[in-house]
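Peer 1: Hey, dropping my_file_36.txt in here, compact mmCIF, C-alpha atoms:
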```txt
# COMPACT_ATOMS: atom_id res chain seq x y z
CA MET A 13 -44.76 -299.71 11.16
CA GLY A 14 -43.31 -297.14 13.53
CA ASN A 15 -40.85 -295.94 10.88
CA ILE A 16 -43.70 -295.46 8.38
CA MET A 17 -45.67 -293.40 10.87
CA GLU A 18 -42.62 -291.27 11.65
CA LEU A 19 -42.04 -290.71 7.94
CA GLU A 20 -45.69 -289.75 7.44
CA GLY A 21 -45.40 -287.33 10.35
CA GLU A 22 -42.27 -285.73 8.89
CA VAL A 23 -43.91 -285.43 5.47
CA LYS A 24 -46.96 -283.80 7.08
CA ILE A 25 -44.70 -281.31 8.92
CA VAL A 26 -42.81 -280.45 5.72
CA PHE A 27 -46.09 -280.09 3.80
CA ASP A 28 -47.63 -277.87 6.51
CA ARG A 29 -44.55 -275.68 6.66
CA GLY A 30 -44.49 -275.44 2.86
CA ILE A 31 -48.11 -274.27 2.81
CA ARG A 32 -47.42 -271.76 5.59
CA LEU A 33 -44.31 -270.51 3.76
CA VAL A 34 -46.26 -269.94 0.54
CA ILE A 35 -48.98 -268.06 2.46
CA VAL A 36 -46.42 -265.94 4.34
CA ILE A 37 -44.58 -265.02 1.12
CA ALA A 38 -47.87 -264.16 -0.64
CA VAL A 39 -48.98 -261.96 2.27
CA LEU A 40 -45.59 -260.25 2.47
CA LEU A 41 -45.58 -259.51 -1.27
CA ALA A 42 -49.13 -258.14 -1.07
CA VAL A 43 -48.21 -255.90 1.88
CA PHE A 44 -45.00 -254.80 0.15
CA TYR A 45 -46.68 -253.70 -3.09
CA CYS A 46 -49.68 -252.18 -1.28
CA GLY A 47 -47.25 -250.23 0.88
CA ARG A 48 -45.34 -248.92 -2.15
CA LEU A 49 -48.60 -247.89 -3.82
CA THR A 50 -49.74 -246.14 -0.63
CA LEU A 51 -46.46 -244.22 -0.40
CA VAL A 52 -46.83 -242.99 -3.99
CA LYS A 53 -50.45 -241.92 -3.40
CA LEU A 54 -49.60 -240.11 -0.14
CA ILE A 55 -46.67 -238.24 -1.72
CA ASN A 56 -48.79 -237.23 -4.72
CA ARG A 57 -51.70 -236.16 -2.52
CA TYR A 58 -49.77 -233.94 -0.11
CA SER A 59 -47.12 -232.65 -2.47
CA LYS A 60 -47.86 -229.19 -3.86
CA ASP A 61 -45.37 -229.55 -6.69
CA LYS A 62 -45.36 -233.08 -8.10
CA ASP A 63 -42.54 -232.22 -10.52
CA ASN A 64 -40.21 -231.06 -7.74
CA PRO A 65 -36.97 -233.13 -7.88
CA GLN A 66 -36.91 -233.32 -4.08
CA VAL A 67 -40.32 -235.02 -4.14
CA ALA A 68 -39.00 -237.66 -6.55
CA THR A 69 -35.92 -238.12 -4.34
CA LEU A 70 -38.05 -238.49 -1.19
CA LEU A 71 -40.22 -241.08 -2.93
CA THR A 72 -37.23 -243.20 -4.01
CA ILE A 73 -35.75 -243.03 -0.48
CA LEU A 74 -39.06 -244.06 1.12
CA LYS A 75 -39.40 -246.94 -1.33
CA SER A 76 -35.86 -248.10 -0.49
CA THR A 77 -36.50 -247.87 3.27
CA TRP A 78 -39.79 -249.74 2.90
CA LYS A 79 -38.04 -252.50 0.93
CA TYR A 80 -35.39 -253.06 3.62
CA PHE A 81 -38.04 -252.98 6.36
CA MET A 82 -40.13 -255.63 4.60
CA LEU A 83 -37.04 -257.78 4.05
CA LEU A 84 -36.43 -257.72 7.81
CA ILE A 85 -40.06 -258.60 8.56
CA GLY A 86 -39.95 -261.35 5.94
CA PHE A 87 -36.78 -262.82 7.45
CA ILE A 88 -38.39 -262.97 10.90
CA ALA A 89 -41.61 -264.46 9.48
CA VAL A 90 -39.73 -267.21 7.60
CA LEU A 91 -37.81 -268.11 10.77
CA ASN A 92 -41.13 -268.47 12.61
CA VAL A 93 -42.46 -270.77 9.88
CA PHE A 94 -39.55 -273.13 10.54
CA GLY A 95 -40.12 -273.04 14.28
CA MET A 96 -37.40 -270.56 15.18
CA SER A 97 -39.37 -268.02 17.19
CA ILE A 98 -37.83 -264.62 17.82
CA THR A 99 -37.42 -263.69 21.49
CA ALA A 100 -35.61 -260.90 23.30
CA ASN A 101 -32.64 -263.19 23.98
CA SER A 102 -32.47 -264.36 20.37
CA LEU A 103 -32.61 -260.75 19.17
CA LEU A 104 -29.70 -259.85 21.46
CA ALA A 105 -27.75 -262.86 20.22
CA ALA A 106 -28.53 -261.97 16.61
CA ALA A 107 -27.46 -258.38 17.28
CA GLY A 108 -24.15 -259.62 18.67
CA ALA A 109 -23.59 -261.91 15.70
CA GLY A 110 -24.73 -259.18 13.35
CA GLY A 111 -22.25 -256.77 14.88
CA LEU A 112 -19.46 -259.27 14.31
CA ILE A 113 -20.53 -259.78 10.68
CA LEU A 114 -20.75 -256.06 10.10
CA GLY A 115 -17.31 -255.57 11.57
CA ILE A 116 -15.85 -258.19 9.23
CA GLY A 117 -17.65 -258.01 5.92
CA ALA A 118 -20.37 -255.37 5.80
CA GLN A 119 -18.51 -252.17 6.54
CA ASP A 120 -19.16 -250.76 3.07
CA PHE A 121 -22.88 -251.48 3.45
CA VAL A 122 -23.03 -249.44 6.67
CA LYS A 123 -20.97 -246.65 5.08
CA ASP A 124 -23.38 -246.59 2.12
CA ILE A 125 -26.37 -246.17 4.44
CA VAL A 126 -24.71 -243.50 6.62
CA ASN A 127 -23.49 -241.50 3.63
CA GLY A 128 -26.88 -241.93 1.96
CA PHE A 129 -28.56 -240.24 4.92
CA SER A 130 -25.93 -237.49 4.80
CA ILE A 131 -26.57 -236.85 1.08
CA ILE A 132 -30.32 -236.60 1.72
CA MET A 133 -30.12 -234.41 4.83
CA GLU A 134 -27.64 -232.01 3.21
CA ASN A 135 -29.62 -231.99 -0.06
CA GLN A 136 -26.42 -232.42 -2.07
CA TYR A 137 -28.41 -233.51 -5.13
CA SER A 138 -31.84 -234.77 -6.12
CA VAL A 139 -33.34 -236.95 -8.83
CA GLY A 140 -33.09 -235.08 -12.13
CA ASP A 141 -29.99 -233.06 -11.19
CA TYR A 142 -26.96 -233.02 -13.49
CA ILE A 143 -23.92 -233.71 -11.29
CA SER A 144 -20.25 -234.61 -11.42
CA VAL A 145 -18.92 -237.05 -8.82
CA ASN A 146 -15.79 -239.22 -8.82
CA ASN A 147 -14.91 -238.02 -12.36
CA ILE A 148 -18.36 -239.16 -13.53
CA SER A 149 -20.84 -236.69 -15.00
CA GLY A 150 -24.49 -237.35 -15.71
CA THR A 151 -28.12 -236.99 -14.66
CA VAL A 152 -29.33 -238.59 -11.42
CA VAL A 153 -32.19 -240.95 -12.30
CA SER A 154 -32.71 -242.67 -8.94
CA MET A 155 -31.41 -242.67 -5.38
CA SER A 156 -31.55 -245.10 -2.49
CA LEU A 157 -29.91 -245.28 0.90
CA ARG A 158 -27.15 -247.41 -0.65
CA THR A 159 -26.57 -246.20 -4.20
CA THR A 160 -27.05 -243.37 -6.67
CA LYS A 161 -27.84 -244.20 -10.31
CA ILE A 162 -26.64 -241.81 -13.00
CA ILE A 163 -27.20 -241.70 -16.76
CA GLY A 164 -23.83 -240.63 -18.17
CA ASP A 165 -23.11 -238.37 -21.11
CA ASN A 166 -22.90 -241.42 -23.39
CA LYS A 167 -26.28 -242.72 -22.14
CA GLU A 168 -24.65 -245.41 -20.02
CA THR A 169 -26.20 -246.27 -16.64
CA LEU A 170 -23.75 -245.86 -13.76
CA THR A 171 -24.36 -247.05 -10.20
CA VAL A 172 -22.31 -245.21 -7.59
CA PRO A 173 -22.18 -246.58 -4.01
CA ASN A 174 -23.01 -243.76 -1.60
CA SER A 175 -19.93 -244.59 0.48
CA SER A 176 -17.70 -243.61 -2.47
CA VAL A 177 -19.42 -240.26 -3.10
CA GLY A 178 -16.81 -237.60 -2.41
CA MET A 179 -16.83 -234.07 -3.73
CA VAL A 180 -20.03 -233.40 -5.66
CA ILE A 181 -20.50 -230.66 -8.25
CA ASN A 182 -24.20 -230.01 -8.80
CA TYR A 183 -24.73 -228.10 -12.03
CA SER A 184 -28.49 -227.91 -11.49
CA LYS A 185 -28.36 -225.66 -8.45
CA GLN A 186 -27.54 -222.63 -10.58
CA ALA A 187 -27.06 -221.75 -14.23
CA PRO A 188 -23.80 -223.36 -15.38
CA ARG A 189 -21.52 -221.94 -18.03
CA VAL A 190 -20.76 -224.31 -20.87
CA ILE A 191 -17.40 -223.87 -22.59
CA CYS A 192 -16.93 -225.56 -25.96
CA ASN A 193 -13.57 -225.85 -27.67
CA ILE A 194 -12.55 -226.44 -31.26
CA TYR A 195 -9.06 -226.95 -32.69
CA ILE A 196 -7.31 -225.62 -35.78
CA GLN A 197 -3.86 -226.56 -37.06
CA GLU A 198 -2.77 -223.63 -39.20
CA GLU A 199 -1.77 -220.45 -37.36
CA ALA A 200 -2.10 -218.51 -40.63
CA GLN A 201 -5.87 -219.04 -40.47
CA LEU A 202 -6.20 -217.99 -36.83
CA GLN A 203 -7.66 -214.55 -37.54
CA THR A 204 -10.16 -215.99 -40.03
CA ALA A 205 -11.21 -218.60 -37.48
CA LEU A 206 -11.59 -216.01 -34.70
CA LYS A 207 -13.69 -213.78 -36.96
CA ALA A 208 -15.94 -216.71 -37.91
CA LEU A 209 -16.42 -217.79 -34.29
CA HIS A 210 -17.05 -214.21 -33.18
CA GLY A 211 -19.88 -213.96 -35.71
CA MET A 212 -21.20 -217.32 -34.61
CA ALA A 213 -21.23 -216.23 -30.94
CA GLU A 214 -23.06 -212.98 -31.73
CA ASN A 215 -25.76 -214.74 -33.76
CA PHE A 216 -26.05 -217.93 -31.68
CA LYS A 217 -29.63 -218.66 -30.62
CA SER A 218 -30.82 -221.63 -28.64
CA PRO A 219 -33.74 -222.41 -26.31
CA TYR A 220 -31.13 -223.95 -23.99
CA ALA A 221 -29.05 -220.76 -23.71
CA ALA A 222 -29.67 -218.53 -20.68
CA ASP A 223 -27.61 -215.66 -22.14
CA SER A 224 -25.68 -214.64 -25.23
CA ALA A 225 -22.67 -216.71 -26.28
CA ARG A 226 -19.22 -215.17 -25.87
CA LEU A 227 -16.01 -215.77 -27.80
CA LEU A 228 -13.14 -216.67 -25.48
CA GLY A 229 -10.54 -216.59 -28.24
CA VAL A 230 -7.40 -218.71 -27.96
CA THR A 231 -7.73 -220.83 -24.82
CA ASP A 232 -4.62 -222.99 -25.25
CA MET A 233 -1.68 -223.61 -27.56
CA HIS A 234 -0.54 -227.15 -28.32
CA SER A 235 2.39 -228.35 -30.38
CA TYR A 236 0.00 -229.72 -32.99
CA CYS A 237 -2.97 -227.33 -32.84
CA ILE A 238 -4.51 -224.13 -31.48
CA GLU A 239 -7.48 -224.38 -29.14
CA LEU A 240 -10.31 -221.86 -29.53
CA GLY A 241 -13.25 -221.49 -27.16
CA VAL A 242 -16.80 -220.15 -26.96
CA SER A 243 -18.83 -219.99 -23.74
CA CYS A 244 -22.51 -219.55 -22.92
CA LEU A 245 -24.73 -219.71 -19.83
CA CYS A 246 -27.01 -222.72 -19.90
CA VAL A 247 -30.62 -223.23 -18.86
CA VAL A 248 -30.57 -225.57 -15.85
CA GLY A 249 -30.95 -229.21 -16.87
CA HIS A 250 -29.97 -228.79 -20.55
CA ILE A 251 -26.17 -228.86 -20.50
CA LEU A 252 -25.80 -231.66 -23.03
CA ASP A 253 -28.36 -230.06 -25.36
CA LEU A 254 -26.57 -226.71 -25.31
CA ARG A 255 -23.14 -228.31 -25.72
CA TYR A 256 -24.34 -230.20 -28.80
CA GLU A 257 -25.80 -227.08 -30.43
CA MET A 258 -22.71 -224.97 -29.67
CA ASN A 259 -20.33 -227.59 -31.08
CA LYS A 260 -22.46 -227.85 -34.21
CA ALA A 261 -22.63 -224.07 -34.67
CA MET A 262 -18.85 -223.69 -34.18
CA ALA A 263 -18.09 -226.43 -36.70
CA MET A 264 -20.49 -224.92 -39.27
CA ALA A 265 -18.96 -221.46 -38.80
CA LEU A 266 -15.45 -222.73 -39.52
CA LEU A 267 -16.61 -224.81 -42.48
CA GLU A 268 -18.33 -221.79 -44.03
CA ALA A 269 -15.16 -219.73 -43.48
CA GLY A 270 -13.04 -222.42 -45.15
CA VAL A 271 -11.00 -223.12 -42.02
CA PRO A 272 -10.21 -226.83 -41.48
CA PHE A 273 -10.53 -228.00 -37.90
CA ILE A 274 -9.58 -231.13 -35.98
CA ASN A 275 -12.26 -233.53 -34.82
CA GLU A 276 -10.20 -236.72 -34.61
CA ASN A 277 -7.58 -237.78 -32.03
CA VAL A 278 -8.18 -234.52 -30.18
CA PRO A 279 -10.98 -234.01 -27.63
CA PHE A 280 -13.86 -232.27 -29.39
CA GLY A 281 -16.35 -231.32 -26.77
CA GLY A 282 -16.81 -228.89 -23.96
CA ASP A 283 -16.18 -228.17 -20.35
CA ILE A 284 -18.62 -226.96 -17.78
CA ASN A 285 -17.92 -224.26 -15.25
CA VAL A 286 -20.23 -223.08 -12.51
CA LEU A 287 -20.32 -219.33 -11.95
```
Represent the structure of the file as structure tokens.
Peer 2:
Amino acid sequence: MGNIMELEGEVKIVFDRGIRLVIVIAVLLAVFYCGRLTLVKLINRYSKDKDNPQVATLLTILKSTWKYFMLLIGFIAVLNVFGMSITANSLLAAAGAGGLILGIGAQDFVKDIVNGFSIIMENQYSVGDYISVNNISGTVVSMSLRTTKIIGDNKETLTVPNSSVGMVINYSKQAPRVICNIYIQEEAQLQTALKALHGMAENFKSPYAADSARLLGVTDMHSYCIELGVSCLCVVGHILDLRYEMNKAMAMALLEAGVPFINENVPFGGDINVL
């Protein structure tokens, strides 16, 4: 009889804790989503320029910080549900254990957070900027204290830990110069190709061009081909658009002039230089 009563008591405790856990999780989720919605409304209300990339960056950082804060509150609340109340002594003990864990296995996490703050404070880049970091080029689509997400030139999504962010080239801070190259094999047709590209540069029009295009001439000599280049200043944020239109115009100019060019087994694209 005593064993049955003990079992009933244990079942009642488990049931009560289960109900409390469900309520705590529901309340935490409600507070979390209400908090995110409030952040968005506050930013939109007090921001003069809602399309400013720095506003979008600030919003993503605040959302990230709010998420980690709510995870901490949720962890403490769940411990209380299971009877493990948080006191000053337990916090000190947890801090000591946490320091040991951080020293062993979470160093990269701390580095991500520290470098994330550095990126934000120094305004190295914002959401919407076209950047190059760690030999990766693309548009920043989101930022958090831990990572930076980039859409690459081939439309792939790349997640870069903030701790690995080294030298950053931000092409959106000023008008970049796009340099596109094309390759011909026959030296006998060099003058014809240069004349065709010169005409193309003089007549090149694009909504993504910040200035007139300029023929660079022969930019390199290879054992198997001759590299020719054309450059043009780009409207901020439209590097890929301008590169596409320049490559297309260069190819059409050579085709119309009857000059064969290489577009296989040799890089056919462009480089970007910042003035």
Peer 1: Counting only C-alpha atoms, find residues at most 8 Å from (-23.7, -245.9, -6.4) (file frame) and give them as a PyMOL selection string.
Peer 2: chain A and resi 158-161+170-177
Peer 1: Report, in Å to a single decimal, how far apart atom CA of Val36 of chain A and atom CA of Val52 of chain A are.
Peer 2: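 So the answer is 24.4 Å.
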Peer 1: Need the neighbours of (-12.4, -221.7, -38.3): which residues are at most 10 Å away, counting only C-alpha atoms, as an MDAnalysis selection string?
Peer 2: chainID A and resid 194:198 201:209 240 262:273
Peer 1: Which residues are close to segment 70-87 of chain A, i.e. within 7 Å by all atoms listed in the file, leaving aside same-chain residues fewer than 5 positions away? Reply as an mmCIF file with C-alpha atoms, keeping the file's coordinate frame.
Peer 2:
```cif
data_model
loop_
_atom_site.group_PDB
_atom_site.id
_atom_site.type_symbol
_atom_site.label_atom_id
_atom_site.label_comp_id
_atom_site.auth_asym_id
_atom_site.auth_seq_id
_atom_site.Cartn_x
_atom_site.Cartn_y
_atom_site.Cartn_z
ATOM 1 C CA LEU A 40 -45.590 -260.250 2.470
ATOM 2 C CA PHE A 44 -45.000 -254.800 0.150
ATOM 3 C CA ARG A 48 -45.340 -248.920 -2.150
ATOM 4 C CA VAL A 52 -46.830 -242.990 -3.990
ATOM 5 C CA SER A 154 -32.710 -242.670 -8.940
ATOM 6 C CA MET A 155 -31.410 -242.670 -5.380
ATOM 7 C CA SER A 156 -31.550 -245.100 -2.490
ATOM 8 C CA LEU A 157 -29.910 -245.280 0.900
#
```
Peer 1: How many Å lie between atom CA of Ser243 of chain A and atom CA of Gly150 of chain A, rounded to one decimal?
Peer 2: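 Going from atom CA of Ser243 of chain A over to atom CA of Gly150 of chain A covers 19.9 Å.
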Peer 1: For a test of reading the model, state the distance in Å between atom CA of Val190 of chain A and atom CA of Thr231 of chain A, rounded to one decimal.
Peer 2: 14.1 Å
Peer 1: Go through A:Asn193, A:Thr169, A:Ser224, A:Asn259 one by one, measure the shortest atom-to-atom distance of each to Glu239 of chain A using all atoms listed in the file, and give the residue with the smallest value.
Peer 2: A:Asn193
Peer 1: Which residue gives the smallest distance to Cys237 of chain A among A:Val153, A:Ile163, A:Ala200, A:Ala213, with only C-alpha atoms counted?
Peer 2: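 Counting only C-alpha atoms, the residue closest to Cys237 of chain A is A:Ala200.
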Peer 1: Could you check which of A:Val139, A:Leu254, A:Ile35, A:Ala222 is closest to Val93 of chain A, using all atoms listed in the file?
Peer 2: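 Smallest distance to Val93 of chain A is found for A:Ile35.
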Peer 1: Point out the residue among A:Gly164, A:Ala221, A:Ala89, A:Val247 with the least atom-to-atom distance to Val39 of chain A, counting only C-alpha atoms.
Peer 2: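 The closest residue to Val39 of chain A is A:Ala89.
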Peer 1: For Ile191 of chain A, which residue out of A:Asp120, A:Asp165, A:Glu134, A:Glu257 is the nearest one, using only C-alpha atoms?
Peer 2: A:Glu257
Peer 1: Which residue out of A:Val152, A:Ala187, A:Ile162, A:Val145 has the minimum interatomic distance to Ile251 of chain A when all atoms listed in the file are used?
Peer 2: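 The closest residue to Ile251 of chain A is A:Ala187.
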Peer 1: Can you tell me, as JSON, the centre and edge lengths (Å, one decimal) of the axis-aligned box enclosing all of segment 197-216 of chain A's listed atoms after padding each side by 5 Å?
Peer 2:
```
{"center_x": -13.9, "center_y": -219.8, "center_z": -35.8, "size_x": 34.3, "size_y": 23.6, "size_z": 19.7}
```
